[in-house]
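As structure tokens, the structure follows; a few thoughts come after it.
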Amino acid sequence: MKRTDCLDWDQYFMGIALLSAQRSKDPSTQVGACIVNQNQRIVGIGYNGFPYGCHDDDFPWQRQGEPLETKYPYVVHAELNAILNSSENLRGASVYVSLFPCNECAKAIIQSGIRELIYMSDKYEGSLENQASKRMLAAAGVVWRQMAPMKLRIEE
């Protein structure tokens with residue numbers, strides 16, 4: 001008799017996104033993304049961090065202060081990293097992300113051809129950036145849905 005308590009596809013791919021988020025050095029927000037093609041194959045993974053060549057110890061992680069002394073001008077978001085790390089054309093793909101995308105990432109998602117967005121947290125819901133993101137995604141025909149938080153433990 002086969003096992004019936006295995007992860008479904010959504011849980012599996014969101015688990016990969018959550019595991020990827022653990023690579024982030026950001027002390028306040030860790031975000032991960034996993035892009036999956038129409039054949040249920042992972043074609044891109046990313047997390048929020050600084051660009052290649054920009055050492056984690058040489059750039060600020062602060063959230064407040066003078067603009068160039070905060071992380072915001074420097075950090076590459078998980079969604080964009082996953083898109084840039086992708087191994088194939090993303091037309092019709094789905095992206096699993098632990099945090100609903102900002103307006104900048106929404107633009108990249110739309111331009112890459114991703115058609116479905118599955119997310120866990122929408123902690124910035126109602127912010128101007130969040131409203132802009134949802135407006136663009138809806139206009140471009142990208143569908144989104146929220147997953148319930150997962151209580152997942154990885155054990156040997």
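Lettering and numbering for the structure tokens are positional, with chains as A, B, ... in the shown order, residues counted from 1 in each chain, and ligands counted from 1 in the shown order.
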Show me, as a ChimeraX atom specification, the residues that have an atom within 6 Å of range 48-52 of chain A when counting only C-alpha atoms, minus same-chain residues fewer than 5 positions from it. /A:24,31,75-78
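Checking A:Val95, A:Ala82, A:Cys102, A:Val143 one by one against Ser20 in chain A, counting only C-alpha atoms, you find the shortest gap at A:Ala82.
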Taking only C-alpha atoms into account, which of A:Gly46, A:Pro27, A:Gly32, A:Pro67 comes nearest Ser121 in chain A? A:Gly32
How many Å lie between CA of Ala148 in chain A and CA of Ile45 in chain A, rounded to one decimal? 20.9 Å
List every residue of chain A that DSSP, applied to the backbone of this structure, assigns to strand (DSSP E), and report them as an mmCIF file with all heavy atoms, in the first residue's frame.
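Contents of result02.cif, freshly written:
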data_model
loop_
_atom_site.group_PDB
_atom_site.id
_atom_site.type_symbol
_atom_site.label_atom_id
_atom_site.label_comp_id
_atom_site.auth_asym_id
_atom_site.auth_seq_id
_atom_site.Cartn_x
_atom_site.Cartn_y
_atom_site.Cartn_z
ATOM 1 N N GLY A 32 12.073 33.539 0.060
ATOM 2 C CA GLY A 32 12.518 32.575 -0.927
ATOM 3 C C GLY A 32 11.493 32.441 -2.034
ATOM 4 O O GLY A 32 10.304 32.679 -1.824
ATOM 5 N N ALA A 33 11.977 32.051 -3.209
ATOM 6 C CA ALA A 33 11.102 31.860 -4.370
ATOM 7 C C ALA A 33 11.522 30.607 -5.130
ATOM 8 O O ALA A 33 12.700 30.286 -5.204
ATOM 9 C CB ALA A 33 11.166 33.074 -5.297
ATOM 10 N N CYS A 34 10.535 29.933 -5.686
ATOM 11 C CA CYS A 34 10.761 28.728 -6.476
ATOM 12 C C CYS A 34 9.863 28.805 -7.708
ATOM 13 O O CYS A 34 8.637 28.901 -7.573
ATOM 14 C CB CYS A 34 10.421 27.493 -5.629
ATOM 15 S SG CYS A 34 10.571 25.917 -6.499
ATOM 16 N N ILE A 35 10.460 28.781 -8.891
ATOM 17 C CA ILE A 35 9.701 28.843 -10.136
ATOM 18 C C ILE A 35 9.601 27.439 -10.720
ATOM 19 O O ILE A 35 10.588 26.704 -10.785
ATOM 20 C CB ILE A 35 10.363 29.787 -11.149
ATOM 21 C CG1 ILE A 35 10.491 31.192 -10.557
ATOM 22 C CG2 ILE A 35 9.559 29.818 -12.451
ATOM 23 C CD1 ILE A 35 11.257 32.165 -11.425
ATOM 24 N N VAL A 36 8.391 27.099 -11.146
ATOM 25 C CA VAL A 36 8.081 25.758 -11.628
ATOM 26 C C VAL A 36 7.436 25.870 -13.008
ATOM 27 O O VAL A 36 6.527 26.675 -13.213
ATOM 28 C CB VAL A 36 7.103 25.064 -10.646
ATOM 29 C CG1 VAL A 36 6.744 23.682 -11.114
ATOM 30 C CG2 VAL A 36 7.684 25.046 -9.248
ATOM 31 N N ILE A 42 11.243 22.264 -11.403
ATOM 32 C CA ILE A 42 11.819 23.497 -10.873
ATOM 33 C C ILE A 42 12.789 24.067 -11.900
ATOM 34 O O ILE A 42 13.700 23.378 -12.357
ATOM 35 C CB ILE A 42 12.535 23.229 -9.534
ATOM 36 C CG1 ILE A 42 11.520 22.775 -8.482
ATOM 37 C CG2 ILE A 42 13.298 24.468 -9.070
ATOM 38 C CD1 ILE A 42 12.139 22.282 -7.184
ATOM 39 N N VAL A 43 12.571 25.336 -12.260
ATOM 40 C CA VAL A 43 13.414 25.969 -13.274
ATOM 41 C C VAL A 43 14.098 27.234 -12.744
ATOM 42 O O VAL A 43 14.858 27.875 -13.475
ATOM 43 C CB VAL A 43 12.620 26.277 -14.561
ATOM 44 C CG1 VAL A 43 12.175 24.976 -15.226
ATOM 45 C CG2 VAL A 43 11.429 27.171 -14.277
ATOM 46 N N GLY A 44 13.849 27.608 -11.497
ATOM 47 C CA GLY A 44 14.504 28.767 -10.909
ATOM 48 C C GLY A 44 14.276 28.811 -9.414
ATOM 49 O O GLY A 44 13.184 28.493 -8.949
ATOM 50 N N ILE A 45 15.316 29.186 -8.686
ATOM 51 C CA ILE A 45 15.234 29.317 -7.231
ATOM 52 C C ILE A 45 15.978 30.592 -6.850
ATOM 53 O O ILE A 45 17.007 30.924 -7.451
ATOM 54 C CB ILE A 45 15.877 28.104 -6.510
ATOM 55 C CG1 ILE A 45 15.106 26.829 -6.833
ATOM 56 C CG2 ILE A 45 15.920 28.316 -5.004
ATOM 57 C CD1 ILE A 45 15.754 25.574 -6.292
ATOM 58 N N GLY A 46 15.470 31.301 -5.844
ATOM 59 C CA GLY A 46 16.154 32.503 -5.398
ATOM 60 C C GLY A 46 15.789 32.874 -3.978
ATOM 61 O O GLY A 46 14.815 32.371 -3.420
ATOM 62 N N TYR A 47 16.584 33.751 -3.415
ATOM 63 C CA TYR A 47 16.323 34.314 -2.088
ATOM 64 C C TYR A 47 16.819 35.751 -2.093
ATOM 65 O O TYR A 47 17.559 36.157 -2.991
ATOM 66 C CB TYR A 47 16.996 33.495 -0.979
ATOM 67 C CG TYR A 47 18.477 33.329 -1.129
ATOM 68 C CD1 TYR A 47 19.370 34.251 -0.580
ATOM 69 C CD2 TYR A 47 19.010 32.249 -1.833
ATOM 70 C CE1 TYR A 47 20.739 34.093 -0.723
ATOM 71 C CE2 TYR A 47 20.381 32.091 -1.977
ATOM 72 C CZ TYR A 47 21.236 33.014 -1.415
ATOM 73 O OH TYR A 47 22.591 32.868 -1.561
ATOM 74 N N SER A 94 4.791 28.944 -12.940
ATOM 75 C CA SER A 94 4.246 29.375 -11.650
ATOM 76 C C SER A 94 5.402 29.730 -10.741
ATOM 77 O O SER A 94 6.465 29.119 -10.814
ATOM 78 C CB SER A 94 3.439 28.237 -11.004
ATOM 79 O OG SER A 94 2.353 27.865 -11.814
ATOM 80 N N VAL A 95 5.191 30.715 -9.870
ATOM 81 C CA VAL A 95 6.202 31.066 -8.882
ATOM 82 C C VAL A 95 5.608 30.896 -7.491
ATOM 83 O O VAL A 95 4.503 31.344 -7.216
ATOM 84 C CB VAL A 95 6.779 32.491 -9.087
ATOM 85 C CG1 VAL A 95 5.711 33.576 -8.959
ATOM 86 C CG2 VAL A 95 7.932 32.748 -8.128
ATOM 87 N N TYR A 96 6.345 30.199 -6.651
ATOM 88 C CA TYR A 96 6.007 30.023 -5.244
ATOM 89 C C TYR A 96 6.905 30.965 -4.463
ATOM 90 O O TYR A 96 8.129 30.931 -4.635
ATOM 91 C CB TYR A 96 6.252 28.576 -4.800
ATOM 92 C CG TYR A 96 5.262 27.604 -5.381
ATOM 93 C CD1 TYR A 96 5.400 27.146 -6.688
ATOM 94 C CD2 TYR A 96 4.178 27.152 -4.633
ATOM 95 C CE1 TYR A 96 4.485 26.261 -7.234
ATOM 96 C CE2 TYR A 96 3.266 26.266 -5.172
ATOM 97 C CZ TYR A 96 3.418 25.836 -6.469
ATOM 98 O OH TYR A 96 2.503 24.956 -7.007
ATOM 99 N N VAL A 97 6.325 31.808 -3.637
ATOM 100 C CA VAL A 97 7.117 32.790 -2.901
ATOM 101 C C VAL A 97 6.558 32.938 -1.489
ATOM 102 O O VAL A 97 5.349 32.870 -1.279
ATOM 103 C CB VAL A 97 7.171 34.130 -3.672
ATOM 104 C CG1 VAL A 97 5.819 34.773 -3.798
ATOM 105 C CG2 VAL A 97 8.179 35.075 -3.071
ATOM 106 N N SER A 98 7.469 33.098 -0.535
ATOM 107 C CA SER A 98 7.044 33.150 0.861
ATOM 108 C C SER A 98 6.377 34.473 1.220
ATOM 109 O O SER A 98 5.597 34.536 2.173
ATOM 110 C CB SER A 98 8.232 32.873 1.790
ATOM 111 O OG SER A 98 9.313 33.732 1.515
ATOM 112 N N LEU A 99 6.628 35.550 0.456
ATOM 113 C CA LEU A 99 6.051 36.866 0.735
ATOM 114 C C LEU A 99 5.506 37.443 -0.564
ATOM 115 O O LEU A 99 6.183 37.388 -1.597
ATOM 116 C CB LEU A 99 7.137 37.785 1.315
ATOM 117 C CG LEU A 99 6.744 39.208 1.673
ATOM 118 C CD1 LEU A 99 5.705 39.216 2.795
ATOM 119 C CD2 LEU A 99 7.978 40.002 2.098
ATOM 120 N N GLU A 116 1.176 32.346 -12.854
ATOM 121 C CA GLU A 116 0.538 32.024 -11.574
ATOM 122 C C GLU A 116 1.510 32.345 -10.443
ATOM 123 O O GLU A 116 2.706 32.067 -10.531
ATOM 124 C CB GLU A 116 0.153 30.546 -11.519
ATOM 125 C CG GLU A 116 -0.539 30.159 -10.226
ATOM 126 C CD GLU A 116 -0.865 28.669 -10.138
ATOM 127 O OE1 GLU A 116 -0.114 27.850 -10.715
ATOM 128 O OE2 GLU A 116 -1.854 28.337 -9.474
ATOM 129 N N LEU A 117 0.964 32.903 -9.369
ATOM 130 C CA LEU A 117 1.728 33.285 -8.195
ATOM 131 C C LEU A 117 1.083 32.637 -6.974
ATOM 132 O O LEU A 117 -0.110 32.803 -6.740
ATOM 133 C CB LEU A 117 1.711 34.808 -8.056
ATOM 134 C CG LEU A 117 2.105 35.433 -6.740
ATOM 135 C CD1 LEU A 117 3.589 35.219 -6.485
ATOM 136 C CD2 LEU A 117 1.795 36.915 -6.742
ATOM 137 N N ILE A 118 1.859 31.870 -6.239
ATOM 138 C CA ILE A 118 1.384 31.233 -5.009
ATOM 139 C C ILE A 118 2.252 31.794 -3.888
ATOM 140 O O ILE A 118 3.482 31.732 -3.968
ATOM 141 C CB ILE A 118 1.494 29.688 -5.066
ATOM 142 C CG1 ILE A 118 0.719 29.139 -6.274
ATOM 143 C CG2 ILE A 118 0.973 29.068 -3.787
ATOM 144 C CD1 ILE A 118 1.547 28.936 -7.502
ATOM 145 N N TYR A 119 1.631 32.363 -2.887
ATOM 146 C CA TYR A 119 2.382 33.017 -1.821
ATOM 147 C C TYR A 119 1.848 32.582 -0.458
ATOM 148 O O TYR A 119 0.767 32.035 -0.347
ATOM 149 C CB TYR A 119 2.290 34.545 -1.953
ATOM 150 C CG TYR A 119 0.909 35.086 -1.706
ATOM 151 C CD1 TYR A 119 0.566 35.599 -0.455
ATOM 152 C CD2 TYR A 119 -0.067 35.077 -2.692
ATOM 153 C CE1 TYR A 119 -0.715 36.087 -0.217
ATOM 154 C CE2 TYR A 119 -1.338 35.563 -2.456
ATOM 155 C CZ TYR A 119 -1.658 36.066 -1.218
ATOM 156 O OH TYR A 119 -2.919 36.531 -0.973
ATOM 157 N N MET A 120 2.644 32.841 0.580
ATOM 158 C CA MET A 120 2.200 32.527 1.945
ATOM 159 C C MET A 120 1.798 33.782 2.698
ATOM 160 O O MET A 120 0.683 33.906 3.137
ATOM 161 C CB MET A 120 3.274 31.756 2.702
ATOM 162 C CG MET A 120 3.314 30.307 2.260
ATOM 163 S SD MET A 120 4.285 29.246 3.315
ATOM 164 C CE MET A 120 3.545 29.474 4.881
ATOM 165 N N SER A 121 2.705 34.729 2.848
ATOM 166 C CA SER A 121 2.443 35.924 3.653
ATOM 167 C C SER A 121 2.143 37.125 2.765
ATOM 168 O O SER A 121 2.722 37.262 1.689
ATOM 169 C CB SER A 121 3.658 36.234 4.542
ATOM 170 O OG SER A 121 3.516 37.482 5.176
ATOM 171 N N VAL A 143 -2.611 35.199 -12.189
ATOM 172 C CA VAL A 143 -3.501 34.822 -11.087
ATOM 173 C C VAL A 143 -2.662 34.552 -9.842
ATOM 174 O O VAL A 143 -1.512 34.124 -9.948
ATOM 175 C CB VAL A 143 -4.375 33.594 -11.429
ATOM 176 C CG1 VAL A 143 -5.307 33.904 -12.600
ATOM 177 C CG2 VAL A 143 -3.525 32.386 -11.732
ATOM 178 N N TRP A 144 -3.226 34.824 -8.681
ATOM 179 C CA TRP A 144 -2.514 34.547 -7.442
ATOM 180 C C TRP A 144 -3.453 33.942 -6.423
ATOM 181 O O TRP A 144 -4.663 34.115 -6.483
ATOM 182 C CB TRP A 144 -1.822 35.790 -6.893
ATOM 183 C CG TRP A 144 -2.717 36.895 -6.420
ATOM 184 C CD1 TRP A 144 -3.306 37.017 -5.193
ATOM 185 C CD2 TRP A 144 -3.121 38.047 -7.161
ATOM 186 N NE1 TRP A 144 -4.036 38.174 -5.123
ATOM 187 C CE2 TRP A 144 -3.935 38.824 -6.322
ATOM 188 C CE3 TRP A 144 -2.863 38.495 -8.456
ATOM 189 C CZ2 TRP A 144 -4.509 40.020 -6.733
ATOM 190 C CZ3 TRP A 144 -3.440 39.695 -8.862
ATOM 191 C CH2 TRP A 144 -4.238 40.437 -8.005
ATOM 192 N N ARG A 145 -2.827 33.188 -5.521
ATOM 193 C CA ARG A 145 -3.575 32.574 -4.428
ATOM 194 C C ARG A 145 -2.646 32.400 -3.239
ATOM 195 O O ARG A 145 -1.438 32.249 -3.391
ATOM 196 C CB ARG A 145 -4.183 31.243 -4.839
ATOM 197 C CG ARG A 145 -3.206 30.192 -5.287
ATOM 198 C CD ARG A 145 -3.931 28.966 -5.870
ATOM 199 N NE ARG A 145 -3.026 28.127 -6.610
ATOM 200 C CZ ARG A 145 -2.314 27.135 -6.084
ATOM 201 N NH1 ARG A 145 -2.417 26.861 -4.781
ATOM 202 N NH2 ARG A 145 -1.514 26.407 -6.818
ATOM 203 N N GLN A 146 -3.259 32.448 -2.078
ATOM 204 C CA GLN A 146 -2.488 32.327 -0.844
ATOM 205 C C GLN A 146 -2.562 30.905 -0.326
ATOM 206 O O GLN A 146 -3.619 30.283 -0.344
ATOM 207 C CB GLN A 146 -3.018 33.296 0.207
ATOM 208 C CG GLN A 146 -2.187 33.345 1.463
ATOM 209 C CD GLN A 146 -2.602 34.478 2.398
ATOM 210 O OE1 GLN A 146 -3.717 34.987 2.335
ATOM 211 N NE2 GLN A 146 -1.691 34.876 3.259
#
So how far away is CA of Ser112 in chain A from CA of Leu80 in chain A, in Å? 9.9 Å
DSSP says alpha helix (DSSP H) for which residues of range 79-139 of chain A? Put them as JSON, numbers by chain? {"A": [79, 80, 81, 82, 83, 84, 103, 104, 105, 106, 107, 108, 109, 110, 111, 112, 128, 129, 130, 131, 132, 133, 134, 135, 136, 137, 138, 139]}
For those residues, write N, CA and C atoms to a file as an mmCIF file, in the first residue's frame.
data_model
loop_
_atom_site.group_PDB
_atom_site.id
_atom_site.type_symbol
_atom_site.label_atom_id
_atom_site.label_comp_id
_atom_site.auth_asym_id
_atom_site.auth_seq_id
_atom_site.Cartn_x
_atom_site.Cartn_y
_atom_site.Cartn_z
ATOM 1 N N GLU A 79 12.287 36.881 -5.824
ATOM 2 C CA GLU A 79 11.608 36.621 -7.096
ATOM 3 C C GLU A 79 12.521 36.962 -8.276
ATOM 4 N N LEU A 80 13.171 38.134 -8.201
ATOM 5 C CA LEU A 80 14.061 38.526 -9.291
ATOM 6 C C LEU A 80 15.255 37.581 -9.371
ATOM 7 N N ASN A 81 15.806 37.187 -8.229
ATOM 8 C CA ASN A 81 16.904 36.219 -8.244
ATOM 9 C C ASN A 81 16.470 34.913 -8.897
ATOM 10 N N ALA A 82 15.277 34.439 -8.578
ATOM 11 C CA ALA A 82 14.788 33.186 -9.169
ATOM 12 C C ALA A 82 14.618 33.330 -10.683
ATOM 13 N N ILE A 83 14.121 34.479 -11.120
ATOM 14 C CA ILE A 83 13.956 34.722 -12.557
ATOM 15 C C ILE A 83 15.325 34.761 -13.235
ATOM 16 N N LEU A 84 16.256 35.488 -12.638
ATOM 17 C CA LEU A 84 17.597 35.607 -13.228
ATOM 18 C C LEU A 84 18.364 34.290 -13.188
ATOM 19 N N ASN A 103 5.988 45.749 -5.952
ATOM 20 C CA ASN A 103 5.656 46.209 -7.300
ATOM 21 C C ASN A 103 6.808 46.005 -8.289
ATOM 22 N N GLU A 104 8.051 46.128 -7.839
ATOM 23 C CA GLU A 104 9.184 45.912 -8.744
ATOM 24 C C GLU A 104 9.266 44.449 -9.166
ATOM 25 N N CYS A 105 9.074 43.535 -8.226
ATOM 26 C CA CYS A 105 9.105 42.108 -8.557
ATOM 27 C C CYS A 105 7.893 41.718 -9.399
ATOM 28 N N ALA A 106 6.755 42.366 -9.148
ATOM 29 C CA ALA A 106 5.565 42.095 -9.968
ATOM 30 C C ALA A 106 5.862 42.393 -11.435
ATOM 31 N N LYS A 107 6.571 43.483 -11.697
ATOM 32 C CA LYS A 107 6.931 43.820 -13.076
ATOM 33 C C LYS A 107 7.786 42.727 -13.701
ATOM 34 N N ALA A 108 8.771 42.236 -12.950
ATOM 35 C CA ALA A 108 9.652 41.180 -13.463
ATOM 36 C C ALA A 108 8.878 39.882 -13.688
ATOM 37 N N ILE A 109 7.964 39.567 -12.791
ATOM 38 C CA ILE A 109 7.132 38.364 -12.930
ATOM 39 C C ILE A 109 6.310 38.456 -14.212
ATOM 40 N N ILE A 110 5.677 39.599 -14.416
ATOM 41 C CA ILE A 110 4.854 39.800 -15.606
ATOM 42 C C ILE A 110 5.706 39.714 -16.874
ATOM 43 N N GLN A 111 6.823 40.427 -16.885
ATOM 44 C CA GLN A 111 7.680 40.457 -18.082
ATOM 45 C C GLN A 111 8.268 39.096 -18.418
ATOM 46 N N SER A 112 8.482 38.260 -17.419
ATOM 47 C CA SER A 112 9.074 36.945 -17.663
ATOM 48 C C SER A 112 8.065 35.946 -18.217
ATOM 49 N N LEU A 128 1.031 51.015 -0.528
ATOM 50 C CA LEU A 128 0.973 51.509 -1.902
ATOM 51 C C LEU A 128 1.663 50.564 -2.869
ATOM 52 N N GLU A 129 2.826 50.027 -2.473
ATOM 53 C CA GLU A 129 3.552 49.093 -3.336
ATOM 54 C C GLU A 129 2.745 47.822 -3.569
ATOM 55 N N ASN A 130 2.085 47.347 -2.520
ATOM 56 C CA ASN A 130 1.266 46.137 -2.606
ATOM 57 C C ASN A 130 0.071 46.378 -3.527
ATOM 58 N N GLN A 131 -0.551 47.523 -3.399
ATOM 59 C CA GLN A 131 -1.684 47.860 -4.267
ATOM 60 C C GLN A 131 -1.244 47.935 -5.727
ATOM 61 N N ALA A 132 -0.094 48.562 -5.971
ATOM 62 C CA ALA A 132 0.417 48.663 -7.343
ATOM 63 C C ALA A 132 0.731 47.276 -7.897
ATOM 64 N N SER A 133 1.330 46.437 -7.062
ATOM 65 C CA SER A 133 1.669 45.074 -7.477
ATOM 66 C C SER A 133 0.416 44.318 -7.905
ATOM 67 N N LYS A 134 -0.596 44.341 -7.071
ATOM 68 C CA LYS A 134 -1.835 43.612 -7.377
ATOM 69 C C LYS A 134 -2.540 44.185 -8.599
ATOM 70 N N ARG A 135 -2.487 45.481 -8.748
ATOM 71 C CA ARG A 135 -3.122 46.109 -9.922
ATOM 72 C C ARG A 135 -2.451 45.648 -11.214
ATOM 73 N N MET A 136 -1.106 45.654 -11.227
ATOM 74 C CA MET A 136 -0.380 45.223 -12.431
ATOM 75 C C MET A 136 -0.574 43.735 -12.708
ATOM 76 N N LEU A 137 -0.471 42.904 -11.661
ATOM 77 C CA LEU A 137 -0.637 41.462 -11.849
ATOM 78 C C LEU A 137 -2.019 41.143 -12.413
ATOM 79 N N ALA A 138 -3.049 41.801 -11.870
ATOM 80 C CA ALA A 138 -4.417 41.568 -12.350
ATOM 81 C C ALA A 138 -4.560 42.011 -13.808
ATOM 82 N N ALA A 139 -4.034 43.184 -14.135
ATOM 83 C CA ALA A 139 -4.140 43.703 -15.500
ATOM 84 C C ALA A 139 -3.437 42.788 -16.498
#
Atomic distance CA of Trp61 in chain A - CA of Arg23 in chain A, expressed in Å with one decimal: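 Spanning CA of Trp61 in chain A to CA of Arg23 in chain A is a straight-line distance of 14.8 Å.
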